[in-house]
file entry.pdb (PDB, C-alpha atoms)
ATOM      1  CA  MET W  20     249.267 196.974 -20.395  1.00  0.00           C
ATOM      2  CA  PRO W  21     252.000 198.026 -22.804  1.00  0.00           C
ATOM      3  CA  ILE W  22     251.187 195.290 -25.371  1.00  0.00           C
ATOM      4  CA  VAL W  23     248.277 196.334 -27.591  1.00  0.00           C
ATOM      5  CA  VAL W  24     246.365 193.749 -29.637  1.00  0.00           C
ATOM      6  CA  ASP W  25     245.163 194.959 -33.038  1.00  0.00           C
ATOM      7  CA  ILE W  26     243.081 191.979 -34.124  1.00  0.00           C
ATOM      8  CA  ASP W  27     240.107 194.312 -34.728  1.00  0.00           C
ATOM      9  CA  VAL W  28     242.139 196.216 -37.322  1.00  0.00           C
ATOM     10  CA  MET W  29     242.983 193.060 -39.244  1.00  0.00           C
ATOM     11  CA  LEU W  30     239.418 191.756 -38.974  1.00  0.00           C
ATOM     12  CA  ALA W  31     238.145 194.986 -40.522  1.00  0.00           C
ATOM     13  CA  LYS W  32     240.761 194.884 -43.286  1.00  0.00           C
ATOM     14  CA  ARG W  33     239.834 191.268 -44.092  1.00  0.00           C
ATOM     15  CA  LYS W  34     236.077 191.902 -43.691  1.00  0.00           C
ATOM     16  CA  MET W  35     235.891 188.938 -41.333  1.00  0.00           C
ATOM     17  CA  SER W  36     233.776 188.414 -38.213  1.00  0.00           C
ATOM     18  CA  VAL W  37     235.106 187.361 -34.825  1.00  0.00           C
ATOM     19  CA  GLY W  38     233.094 184.148 -35.076  1.00  0.00           C
ATOM     20  CA  GLU W  39     234.536 183.270 -38.477  1.00  0.00           C
ATOM     21  CA  LEU W  40     238.091 183.965 -37.295  1.00  0.00           C
ATOM     22  CA  ALA W  41     237.576 181.854 -34.165  1.00  0.00           C
ATOM     23  CA  ASP W  42     236.242 178.959 -36.251  1.00  0.00           C
ATOM     24  CA  ARG W  43     239.077 179.137 -38.771  1.00  0.00           C
ATOM     25  CA  VAL W  44     241.774 179.430 -36.074  1.00  0.00           C
ATOM     26  CA  GLY W  45     240.259 176.702 -33.901  1.00  0.00           C
ATOM     27  CA  ILE W  46     239.645 178.643 -30.697  1.00  0.00           C
ATOM     28  CA  THR W  47     236.428 179.616 -28.973  1.00  0.00           C
ATOM     29  CA  PRO W  48     234.907 183.031 -29.665  1.00  0.00           C
ATOM     30  CA  ALA W  49     235.203 183.715 -25.910  1.00  0.00           C
ATOM     31  CA  ASN W  50     238.962 183.038 -25.920  1.00  0.00           C
ATOM     32  CA  LEU W  51     239.393 185.156 -29.046  1.00  0.00           C
ATOM     33  CA  ALA W  52     237.476 187.984 -27.325  1.00  0.00           C
ATOM     34  CA  VAL W  53     239.831 187.785 -24.314  1.00  0.00           C
ATOM     35  CA  LEU W  54     242.817 188.087 -26.633  1.00  0.00           C
ATOM     36  CA  LYS W  55     241.208 190.755 -28.834  1.00  0.00           C
ATOM     37  CA  ASN W  56     240.275 192.931 -25.858  1.00  0.00           C
ATOM     38  CA  GLY W  57     243.785 192.830 -24.396  1.00  0.00           C
ATOM     39  CA  ARG W  58     242.813 190.810 -21.319  1.00  0.00           C
ATOM     40  CA  ALA W  59     244.962 187.772 -22.151  1.00  0.00           C
ATOM     41  CA  LYS W  60     248.007 187.135 -19.992  1.00  0.00           C
ATOM     42  CA  ALA W  61     249.706 185.058 -22.715  1.00  0.00           C
ATOM     43  CA  VAL W  62     249.244 183.781 -26.233  1.00  0.00           C
ATOM     44  CA  ARG W  63     250.574 180.484 -27.564  1.00  0.00           C
ATOM     45  CA  PHE W  64     252.834 180.729 -30.580  1.00  0.00           C
ATOM     46  CA  THR W  65     250.656 178.121 -32.280  1.00  0.00           C
ATOM     47  CA  THR W  66     247.618 180.374 -31.816  1.00  0.00           C
ATOM     48  CA  LEU W  67     249.548 183.418 -33.023  1.00  0.00           C
ATOM     49  CA  ALA W  68     250.750 181.466 -36.058  1.00  0.00           C
ATOM     50  CA  ALA W  69     247.201 180.324 -36.833  1.00  0.00           C
ATOM     51  CA  LEU W  70     245.907 183.902 -36.542  1.00  0.00           C
ATOM     52  CA  CYS W  71     248.632 185.082 -38.914  1.00  0.00           C
ATOM     53  CA  GLU W  72     247.892 182.286 -41.382  1.00  0.00           C
ATOM     54  CA  VAL W  73     244.148 182.948 -41.457  1.00  0.00           C
ATOM     55  CA  LEU W  74     244.521 186.737 -41.565  1.00  0.00           C
ATOM     56  CA  GLN W  75     247.513 186.577 -43.967  1.00  0.00           C
ATOM     57  CA  CYS W  76     249.583 188.935 -41.824  1.00  0.00           C
ATOM     58  CA  GLN W  77     252.691 189.117 -39.656  1.00  0.00           C
ATOM     59  CA  PRO W  78     252.698 188.922 -35.819  1.00  0.00           C
ATOM     60  CA  GLY W  79     253.615 192.615 -35.740  1.00  0.00           C
ATOM     61  CA  ASP W  80     250.351 193.399 -37.521  1.00  0.00           C
ATOM     62  CA  LEU W  81     248.481 191.941 -34.532  1.00  0.00           C
ATOM     63  CA  LEU W  82     250.672 192.952 -31.576  1.00  0.00           C
ATOM     64  CA  ARG W  83     252.463 196.188 -30.776  1.00  0.00           C
ATOM     65  CA  TRP W  84     254.163 197.715 -27.780  1.00  0.00           C
ATOM     66  CA  GLU W  85     253.127 201.063 -26.298  1.00  0.00           C
ATOM     67  CA  ALA W  86     254.870 202.743 -23.414  1.00  0.00           C
ATOM     68  CA  GLU W  87     252.807 202.920 -20.258  1.00  0.00           C
ATOM     69  CA  HIS W  88     252.088 206.427 -19.074  1.00  0.00           C
ATOM     70  CA  THR W  89     252.606 206.906 -15.365  1.00  0.00           C
ATOM     71  CA  ALA W  90     250.804 209.533 -13.338  1.00  0.00           C
ATOM     72  CA  GLY W  91     252.928 212.547 -12.497  1.00  0.00           C
ATOM     73  CA  GLY W  92     255.822 211.726 -14.714  1.00  0.00           C
TER      74      GLY W  92
END

call {"tool": "encode", "arguments": {"input": "entry.pdb", "output": "structure tokens"}}
result
Amino acid sequence: MPIVVDIDVMLAKRKMSVGELADRVGITPANLAVLKNGRAKAVRFTTLAALCEVLQCQPGDLLRWEAEHTAGG
């Protein structure tokens, strides 16, 4: 998927655990893991805003676009 989620980077910078972030944002650790591992199909703006508030960052610190590499070209 061309959208890469960098929640791990921000968690490390903030010295925060996944469980603590999930509690502070108000989502389950399982749902945070789905998002963190890039398996989410969508993210609500309210969730993104809560992540940014707790982690004191911008949405672009958590999400970035990478071109997909296709085989043979």

call {"tool": "closest_residue", "arguments": {"input": "entry.pdb", "among": "W:Met35, W:Thr65, W:Gly57, W:Ile46", "to": "Trp84 in chain W", "atoms": "all atoms listed in the file"}}
result
W:Gly57

call {"tool": "residues_around", "arguments": {"input": "entry.pdb", "residues": "Pro21 in chain W", "least_positions_apart": "2", "cutoff": "8 Å", "atoms": "all atoms listed in the file", "output": "compact mmCIF listing (two decimals) with C-alpha atoms, in the frame of the given file"}}
result
# COMPACT_ATOMS: atom_id res chain seq x y z
CA VAL W 23 248.28 196.33 -27.59
CA TRP W 84 254.16 197.72 -27.78
CA GLU W 85 253.13 201.06 -26.30
CA ALA W 86 254.87 202.74 -23.41
CA GLU W 87 252.81 202.92 -20.26

call {"tool": "residues_around", "arguments": {"input": "entry.pdb", "residues": "range 72-82 of chain W", "least_positions_apart": "2", "cutoff": "6 Å", "atoms": "all atoms listed in the file", "output": "ChimeraX atom specification"}}
result
/W:23-26,69-70

call {"tool": "resolve_selection", "arguments": {"input": "entry.pdb", "expression": "the PyMOL selection byres ((chain W and resi 41) around 12)", "output": "list in words"}}
result
Ile26, Leu30, Met35, Ser36, Val37, Gly38, Glu39, Leu40, Asp42, Arg43, Val44, Gly45, Ile46, Thr47, Pro48, Ala49, Asn50, Leu51, Ala52, Val53, Leu54, Lys55, Thr66, Ala69, Leu70, Val73 and Leu74 of chain W

call {"tool": "atom_distance", "arguments": {"input": "entry.pdb", "atom1": "CA of Lys32 in chain W", "atom2": "CA of Ala59 in chain W"}}
result
22.7 Å

call {"tool": "axis_aligned_box", "arguments": {"input": "entry.pdb", "around": "range 76-80 of chain W", "padding_each_side": "4 Å", "output": "AutoDock Vina command-line options"}}
result
--center_x 251.6 --center_y 191.2 --center_z -38.8 --size_x 12.0 --size_y 12.5 --size_z 14.1
